[in-house]
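Asker: Got a structure for you, written out below as structure tokens; questions coming shortly.
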Amino acid sequence: MHPILNKNLFFVKEHVGFFKAANNFDIYDPDSQQIILECREERLGFFTKLFRFSDYKRMTPFEIDIKTPSGERVLTVKRGVSFFLSKVQVLDEKNALIGTFK
């Protein structure tokens with residue numbers, strides 16, 4: 001596990017935008033006010049983008065990569081298409097499953 005995850009306090013700031021389909025966040029260290037992690041949804045399919053602007057947004061799949069500012073991957077959080085109950089997977093930098101939650 002990456003040592004940056006040993007911190008207890010993070011400040012999360014969402015990138016806002018009009019007609020934005022992808023989820024993008026920056027994670028700051030509240031003490032130094034420096035960006036310590038970047039969360040980006042880089043692989044977003046055409047139909048997923050289309051459904052993000054509809055009533056079905058909550059059912060769309062996502063795969064968010066959490067990286068350091070230098071580009072080193074720390075975690076991946078992903079979910080497939082969900083109809084009733086969604087299962088979210090958390091993977092480490094080597095794509096090994098750390099855990100899931102529903």
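Naming scheme: A, B, ... for chains in displayed order of the structure tokens; residues 1 onward per chain; ligands 1 onward as shown.
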Residues within 6 Å of region 60-68 of chain A, please, as an mmCIF file with C-alpha atoms, in the first residue's frame. Count only C-alpha atoms; anything in the same chain fewer than 2 positions from it doesn't count.
Answerer:
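Final output, selection_36.cif:
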```cif
data_model
loop_
_atom_site.group_PDB
_atom_site.id
_atom_site.type_symbol
_atom_site.label_atom_id
_atom_site.label_comp_id
_atom_site.auth_asym_id
_atom_site.auth_seq_id
_atom_site.Cartn_x
_atom_site.Cartn_y
_atom_site.Cartn_z
ATOM 1 C CA LEU A 37 -3.476 12.818 -5.123
ATOM 2 C CA GLU A 38 -5.412 13.253 -8.368
ATOM 3 C CA CYS A 39 -8.560 11.249 -9.103
ATOM 4 C CA ARG A 40 -9.493 11.006 -12.778
ATOM 5 C CA GLU A 41 -12.040 9.038 -14.755
ATOM 6 C CA LYS A 57 -26.664 8.551 -14.201
ATOM 7 C CA ARG A 58 -26.681 6.606 -10.933
ATOM 8 C CA SER A 70 3.903 12.560 -10.697
ATOM 9 C CA GLY A 71 1.600 9.965 -12.323
ATOM 10 C CA GLU A 72 2.231 6.974 -10.043
ATOM 11 C CA ARG A 73 -1.007 5.010 -9.604
ATOM 12 C CA VAL A 74 -2.044 4.457 -5.991
ATOM 13 C CA LEU A 75 -5.566 2.988 -6.222
ATOM 14 C CA THR A 76 -8.369 2.261 -8.662
ATOM 15 C CA VAL A 77 -12.025 2.409 -7.643
ATOM 16 C CA LYS A 78 -14.501 0.881 -10.079
ATOM 17 C CA ARG A 79 -18.073 -0.246 -10.442
ATOM 18 C CA GLY A 80 -19.892 -1.988 -13.257
ATOM 19 C CA VAL A 81 -23.426 -1.255 -14.403
#
```
Asker: Which of region 28-90 of chain A counts as helix (DSSP H, G or I) under DSSP, as a PyMOL selection string please?
Answerer: chain A and resi 46-52+57-59
Asker: Suppose we keep C-alpha atoms; can you now write the selection as a PDB file, in the first residue's frame?
Answerer:
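As written to disk, selection.pdb reads:
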```
ATOM      1  CA  PHE A  46     -19.596   6.975 -25.479  1.00  0.00           C
ATOM      2  CA  PHE A  47     -22.795   5.442 -24.084  1.00  0.00           C
ATOM      3  CA  THR A  48     -21.678   6.047 -20.507  1.00  0.00           C
ATOM      4  CA  LYS A  49     -21.163   9.719 -21.348  1.00  0.00           C
ATOM      5  CA  LEU A  50     -24.592   9.794 -22.939  1.00  0.00           C
ATOM      6  CA  PHE A  51     -26.317   8.207 -19.927  1.00  0.00           C
ATOM      7  CA  ARG A  52     -24.528  10.553 -17.498  1.00  0.00           C
ATOM      8  CA  LYS A  57     -26.664   8.551 -14.201  1.00  0.00           C
ATOM      9  CA  ARG A  58     -26.681   6.606 -10.933  1.00  0.00           C
ATOM     10  CA  MET A  59     -26.621   3.302 -12.844  1.00  0.00           C
TER      11      MET A  59
END
```
Asker: Have a look at A:Ile27, A:Ile36, A:Val16, A:Ala21 and name the one nearest to Ile4 (chain A); count only C-alpha atoms.
Answerer: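 Checking each candidate against Ile4 (chain A), we get A:Ile36 as the closest.
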Asker: Taking only C-alpha atoms into account, name the residue in A:Asn24, A:Gln34, A:Asn6, A:Gln89 that is nearest to Pro69 (chain A).
Answerer: A:Gln34
Asker: Let me make sure I understand: among A:His2, A:Asn95, A:Asp26, A:Tyr56, which one has the smallest atom-to-atom distance to Phe83 (chain A) if we use only C-alpha atoms?
Answerer: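 Looking at the shortest contact to Phe83 (chain A), the residue is A:Tyr56.
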Asker: In Å to one decimal, how far is CA of Ile35 (chain A) from CA of Lys102 (chain A)?
Answerer: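 Answer for the CA of Lys102 (chain A) to CA of Ile35 (chain A) separation: 28.8 Å.
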Asker: To one decimal place, how far is CA of Gln33 (chain A) from CA of Met1 (chain A) in Å?
Answerer: 23.0 Å
Asker: Using Å and a single decimal, report how far CA of Val90 (chain A) sits from CA of Phe10 (chain A).
Answerer: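 Between CA of Phe10 (chain A) and CA of Val90 (chain A) the gap works out to 18.2 Å.
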Asker: Can you tell me which residues surround Leu9 (chain A) at a distance of at most 10 Å, considering only C-alpha atoms, apart from same-chain residues fewer than 4 positions away, and format the answer as a PyMOL selection string?
Answerer: chain A and resi 5+28-31
Asker: Restricting the output to C-alpha atoms, write the selected residues as a PDB file, in the first residue's frame.
Answerer:
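Output below, filename result09.pdb:
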```pdb
ATOM      1  CA  LEU A   5      -2.548   6.585   2.350  1.00  0.00           C
ATOM      2  CA  TYR A  28      -5.071  18.038  -0.898  1.00  0.00           C
ATOM      3  CA  ASP A  29      -3.042  17.790   2.277  1.00  0.00           C
ATOM      4  CA  PRO A  30      -4.857  20.254   4.595  1.00  0.00           C
ATOM      5  CA  ASP A  31      -1.623  21.156   6.406  1.00  0.00           C
TER       6      ASP A  31
END
```
